[in-house]
Amino acid sequence: MLDINYIRKNAERVKEFSEQKGYKVDVDSTLKTDAERREILGELETLQAERNKLAEETKRTKGRPSEANIARGKELKVRIGELEDELKNIEQRLSSLLKAIPNVPWSDVPVGSSEDENTVAEIVGEATKTGKNHYEIGTEKGWIDKERAAKVAGARFAYLKGDLVKLEMTIIQFVIDTLTSESKMTEIIASAGLTGKVNERPFVPVLPPLMIKTDMYDAMDRLEPREDRYKIEAEELWLQGSAEHVLGSMYAGEILEEKDLPLRMLGFATSFRQEAGTYGKDMEGIFRVHQFDKLEMESLTTPEDGFNEHLLLVAIQKYLIEQLKMPYRVLLKCTFDIGKPNARGVDMEVWLPGQGKYRETHTADYMTDYQARRLKTRVRRANGKVELVHTNDATAFALGRTMIAIVENYQTPDGHVTIPEVLRNYMGGVEQI
RNA sequence: GGAAAGAUGACCGAGUGGUUUAAGGUACCGGUCUUGAAAACCGGCGUGGGGCAACUCACCGUGAGUUCGAAUCUCACUCUUUCCGCCA
């Protein structure tokens, strides 16, 4: 949610970028409701003050209030009750109007009205190789069994087996080792030219709950569209769709100390998505399934550090992909594609020889204080002032798609898969599977 | 799943209807003292909303209710702790 003060002062700008992001908002009604709210609040507070005066008088006289005061109190009670109801009503309306307004795009976000207008910021490596797709290889190797998964769980599920499972565990261990190491962090920061601009503190690995309450999910602004979420029947609980949802909300309602920021978390979570609206799309293999494991970075920072932190997370993504030596490109997402709570968004697409295309494997999201405002995640600054934190999240590796990329990029002519060098030690020295 | 107890500021903790404008302590910040520090003493020190400001309103787990008046009474819910049962 945006700060109402910002909307008061920048009504026209809010209308403009909301449209650029593809959201229908009613700024005029929002401001009108805001004004109504303050009017009612003023009236209510005057009466509350009078009620407090009456109570104070009773305190002073240490007795029962006079008949006249009781009568006046009764009047106040009725009117205050009415105003409170009215205020609650208005605040509900205001809240839903405010929730509909998206975050302000960062200054360098390209304006665009479809995902085709995302800007290619960088292309790394030779995207020339073609070959079998991961499902062909995975089926031959006995690594992926979708038929039995369909029998047990339905479409868009898979059993992963054998060396592919070992590979996943290996990638997880590699990422945890890398991002929990201060010297690796220093190295990544230096090579990205961010030395002195970001803290070098490593990530804390986290295994989060995989379910999240309705109100927390909504405060994160990631609940919609609900059709893409899995609801636990008869409970106000949902299966999380990304560790961002449960990591970003972890410190909700808390006031953190400035010295504890940046607060960097590396979450591992099985993530669940209904894939509503993707009927018939990407049906082959495990590219688009209802359940996949993911390593996700989440970081809470001070406002002034938020943007550099975003750049750091992007740099980490690039570093991790480059460690696996796979061709990829970086997209700066346009206003239409960044998402409602985002100020800026970057996607990474790794080249998949089996599809002959770049496909999305990573996203980095910078939300400024938009999520923190509703989560009430704040920081007490060194000077004692309390401010909202800035939130950042970014994929470290979506394991399913990462394995697709490895299998397709590292396939050998005789049908095997070479293990990327950095992972071999974790695989017990195995060079090929 | 059964039973009991509990939830008050960064932390500990007092408070069972009207001097609670939330006691007291710890921590923290500023000052006095000191060569410096500690100790001692003095002062400050919650969050959110409205207002240019003085100031004012709300908030004692959450929500509803009783009352002229609720941290305090009633109801529901959430969470925590302990015991029993079950379980990885």
# chains A, B, ... in the order shown; residues from 1 in each chain; ligands from 1
$ residues_around --residues "region 389-401 of chain A" --least-positions-apart "2" --cutoff "8 Å" --atoms "only C-alpha atoms (C1' of nucleotides)" --output "NGL selection string"
:A and (168 or 171 or 175 or 244 or 248 or 286-287 or 292-303 or 306 or 309-310 or 313-314 or 316-317 or 320 or 361-372 or 377-379 or 387 or 403-405)
$ interface_residues --of "chain A" --to "chain B" --cutoff "10 Å" --atoms "only C-alpha atoms (C1' of nucleotides)" --output "PDB file with C-alpha atoms, in the first residue's frame"
ATOM      1  CA  ARG A  38     -10.517  13.189   8.610  1.00  0.00           C
ATOM      2  CA  GLU A  39     -13.718  15.128   9.021  1.00  0.00           C
ATOM      3  CA  LEU A  41     -12.311  11.739  12.945  1.00  0.00           C
ATOM      4  CA  GLY A  42     -12.273  15.385  14.041  1.00  0.00           C
ATOM      5  CA  LEU A  44     -15.364  11.946  16.950  1.00  0.00           C
ATOM      6  CA  GLU A  45     -12.293  13.163  18.797  1.00  0.00           C
ATOM      7  CA  THR A  46     -14.057  16.264  20.061  1.00  0.00           C
ATOM      8  CA  LEU A  47     -16.720  14.072  21.653  1.00  0.00           C
ATOM      9  CA  GLN A  48     -14.169  11.627  23.009  1.00  0.00           C
ATOM     10  CA  ALA A  49     -12.345  14.544  24.601  1.00  0.00           C
ATOM     11  CA  ARG A  51     -16.158  12.130  27.561  1.00  0.00           C
ATOM     12  CA  ASN A  52     -12.647  12.085  28.992  1.00  0.00           C
ATOM     13  CA  LEU A  54     -16.418  13.971  32.415  1.00  0.00           C
ATOM     14  CA  ALA A  55     -14.482  10.965  33.673  1.00  0.00           C
ATOM     15  CA  GLU A  56     -11.740  13.223  34.947  1.00  0.00           C
ATOM     16  CA  GLU A  57     -14.262  15.280  36.872  1.00  0.00           C
ATOM     17  CA  THR A  58     -15.620  12.156  38.520  1.00  0.00           C
ATOM     18  CA  LYS A  59     -12.093  11.144  39.462  1.00  0.00           C
ATOM     19  CA  ARG A  60     -11.484  14.506  41.109  1.00  0.00           C
ATOM     20  CA  THR A  61     -14.641  14.378  43.200  1.00  0.00           C
ATOM     21  CA  LYS A  62     -14.008  10.726  44.086  1.00  0.00           C
ATOM     22  CA  GLY A  63     -17.693  10.066  43.910  1.00  0.00           C
ATOM     23  CA  ARG A  64     -20.406   9.159  41.515  1.00  0.00           C
ATOM     24  CA  PRO A  65     -20.912  11.509  38.627  1.00  0.00           C
ATOM     25  CA  SER A  66     -23.807  13.937  38.790  1.00  0.00           C
ATOM     26  CA  GLU A  67     -27.110  13.038  37.186  1.00  0.00           C
ATOM     27  CA  ALA A  68     -26.458  15.726  34.590  1.00  0.00           C
ATOM     28  CA  ASN A  69     -23.094  14.194  33.702  1.00  0.00           C
ATOM     29  CA  ILE A  70     -24.560  10.733  33.442  1.00  0.00           C
ATOM     30  CA  ALA A  71     -27.242  12.047  31.127  1.00  0.00           C
ATOM     31  CA  ARG A  72     -24.662  13.850  29.002  1.00  0.00           C
ATOM     32  CA  GLY A  73     -22.501  10.718  29.027  1.00  0.00           C
ATOM     33  CA  LYS A  74     -25.380   8.711  27.674  1.00  0.00           C
ATOM     34  CA  GLU A  75     -25.825  11.182  24.850  1.00  0.00           C
ATOM     35  CA  LEU A  76     -22.128  11.063  24.074  1.00  0.00           C
ATOM     36  CA  LYS A  77     -22.147   7.306  24.091  1.00  0.00           C
ATOM     37  CA  ILE A 255      10.394  -2.837  14.940  1.00  0.00           C
ATOM     38  CA  LEU A 256      13.876  -4.002  13.988  1.00  0.00           C
ATOM     39  CA  GLU A 257      17.091  -2.363  15.094  1.00  0.00           C
ATOM     40  CA  ASN A 383      18.637   8.548  15.759  1.00  0.00           C
ATOM     41  CA  GLY A 384      15.578   6.909  17.341  1.00  0.00           C
ATOM     42  CA  VAL A 386      10.987   4.672  13.364  1.00  0.00           C
TER      43      VAL A 386
END
$ atom_distance --atom1 "CA of Gly241 (chain A)" --atom2 "CA of Leu388 (chain A)"
24.7 Å
$ closest_residue --among "A:Pro262, A:Val422, A:Asp282, A:Ser249" --to "Leu324 (chain A)" --atoms "only C-alpha atoms"
A:Val422
$ select_by_dssp --residues "region 39-236 of chain A" --states "strand (DSSP E)" --output "ChimeraX atom specification"
/A:119-124,144-145,159-160,204-206,211-213,230-231
$ write_last_selection --atoms "N, CA and C atoms" --output "PDB file, in the first residue's frame"
ATOM      1  N   THR A 119      12.658  -4.817 -21.453  1.00  0.00           N
ATOM      2  CA  THR A 119      13.894  -4.471 -22.144  1.00  0.00           C
ATOM      3  C   THR A 119      14.967  -5.517 -21.868  1.00  0.00           C
ATOM      4  N   VAL A 120      15.618  -5.973 -22.916  1.00  0.00           N
ATOM      5  CA  VAL A 120      16.747  -6.883 -22.716  1.00  0.00           C
ATOM      6  C   VAL A 120      17.942  -6.045 -22.280  1.00  0.00           C
ATOM      7  N   ALA A 121      18.378  -6.246 -21.054  1.00  0.00           N
ATOM      8  CA  ALA A 121      19.437  -5.401 -20.504  1.00  0.00           C
ATOM      9  C   ALA A 121      20.810  -5.994 -20.784  1.00  0.00           C
ATOM     10  N   GLU A 122      20.865  -7.312 -20.924  1.00  0.00           N
ATOM     11  CA  GLU A 122      22.164  -7.950 -21.029  1.00  0.00           C
ATOM     12  C   GLU A 122      21.981  -9.370 -21.552  1.00  0.00           C
ATOM     13  N   ILE A 123      22.923  -9.787 -22.404  1.00  0.00           N
ATOM     14  CA  ILE A 123      22.928 -11.164 -22.876  1.00  0.00           C
ATOM     15  C   ILE A 123      24.299 -11.739 -22.559  1.00  0.00           C
ATOM     16  N   VAL A 124      24.318 -12.874 -21.858  1.00  0.00           N
ATOM     17  CA  VAL A 124      25.590 -13.455 -21.435  1.00  0.00           C
ATOM     18  C   VAL A 124      25.703 -14.876 -21.988  1.00  0.00           C
ATOM     19  N   ILE A 144      12.239 -38.738 -14.446  1.00  0.00           N
ATOM     20  CA  ILE A 144      10.957 -38.035 -14.319  1.00  0.00           C
ATOM     21  C   ILE A 144       9.836 -39.005 -14.653  1.00  0.00           C
ATOM     22  N   ASP A 145       8.885 -39.162 -13.739  1.00  0.00           N
ATOM     23  CA  ASP A 145       7.741 -40.048 -13.973  1.00  0.00           C
ATOM     24  C   ASP A 145       6.461 -39.242 -13.756  1.00  0.00           C
ATOM     25  N   TYR A 159       6.983 -37.269 -10.327  1.00  0.00           N
ATOM     26  CA  TYR A 159       7.939 -37.892  -9.421  1.00  0.00           C
ATOM     27  C   TYR A 159       9.319 -37.623  -9.999  1.00  0.00           C
ATOM     28  N   LEU A 160      10.226 -37.099  -9.192  1.00  0.00           N
ATOM     29  CA  LEU A 160      11.622 -36.966  -9.604  1.00  0.00           C
ATOM     30  C   LEU A 160      12.393 -38.075  -8.914  1.00  0.00           C
ATOM     31  N   VAL A 204      21.160 -15.779   6.086  1.00  0.00           N
ATOM     32  CA  VAL A 204      20.807 -16.797   7.079  1.00  0.00           C
ATOM     33  C   VAL A 204      19.890 -17.799   6.391  1.00  0.00           C
ATOM     34  N   PRO A 205      20.282 -19.067   6.338  1.00  0.00           N
ATOM     35  CA  PRO A 205      19.383 -20.044   5.709  1.00  0.00           C
ATOM     36  C   PRO A 205      18.149 -20.272   6.574  1.00  0.00           C
ATOM     37  N   VAL A 206      17.000 -20.380   5.937  1.00  0.00           N
ATOM     38  CA  VAL A 206      15.730 -20.501   6.664  1.00  0.00           C
ATOM     39  C   VAL A 206      14.861 -21.572   6.023  1.00  0.00           C
ATOM     40  N   MET A 211       2.780 -22.808   4.811  1.00  0.00           N
ATOM     41  CA  MET A 211       1.410 -22.299   4.789  1.00  0.00           C
ATOM     42  C   MET A 211       1.406 -20.898   5.375  1.00  0.00           C
ATOM     43  N   ILE A 212       0.447 -20.109   4.916  1.00  0.00           N
ATOM     44  CA  ILE A 212       0.394 -18.715   5.339  1.00  0.00           C
ATOM     45  C   ILE A 212      -1.053 -18.285   5.534  1.00  0.00           C
ATOM     46  N   LYS A 213      -1.287 -17.475   6.580  1.00  0.00           N
ATOM     47  CA  LYS A 213      -2.636 -16.999   6.881  1.00  0.00           C
ATOM     48  C   LYS A 213      -3.115 -16.012   5.814  1.00  0.00           C
ATOM     49  N   TYR A 230      -3.454 -22.182  -3.605  1.00  0.00           N
ATOM     50  CA  TYR A 230      -4.139 -23.322  -3.025  1.00  0.00           C
ATOM     51  C   TYR A 230      -4.595 -22.967  -1.622  1.00  0.00           C
ATOM     52  N   LYS A 231      -5.901 -23.094  -1.390  1.00  0.00           N
ATOM     53  CA  LYS A 231      -6.474 -22.788  -0.084  1.00  0.00           C
ATOM     54  C   LYS A 231      -6.635 -24.084   0.690  1.00  0.00           C
TER      55      LYS A 231
END
$ closest_residue --among "B:C84, B:A5, B:U20, B:C33" --to "A70 (chain B)" --atoms "only C-alpha atoms (C1' of nucleotides)"
B:U20
$ select_by_dssp --residues "region 112-352 of chain A" --states "alpha helix (DSSP H)" --output "count of residues only"
72
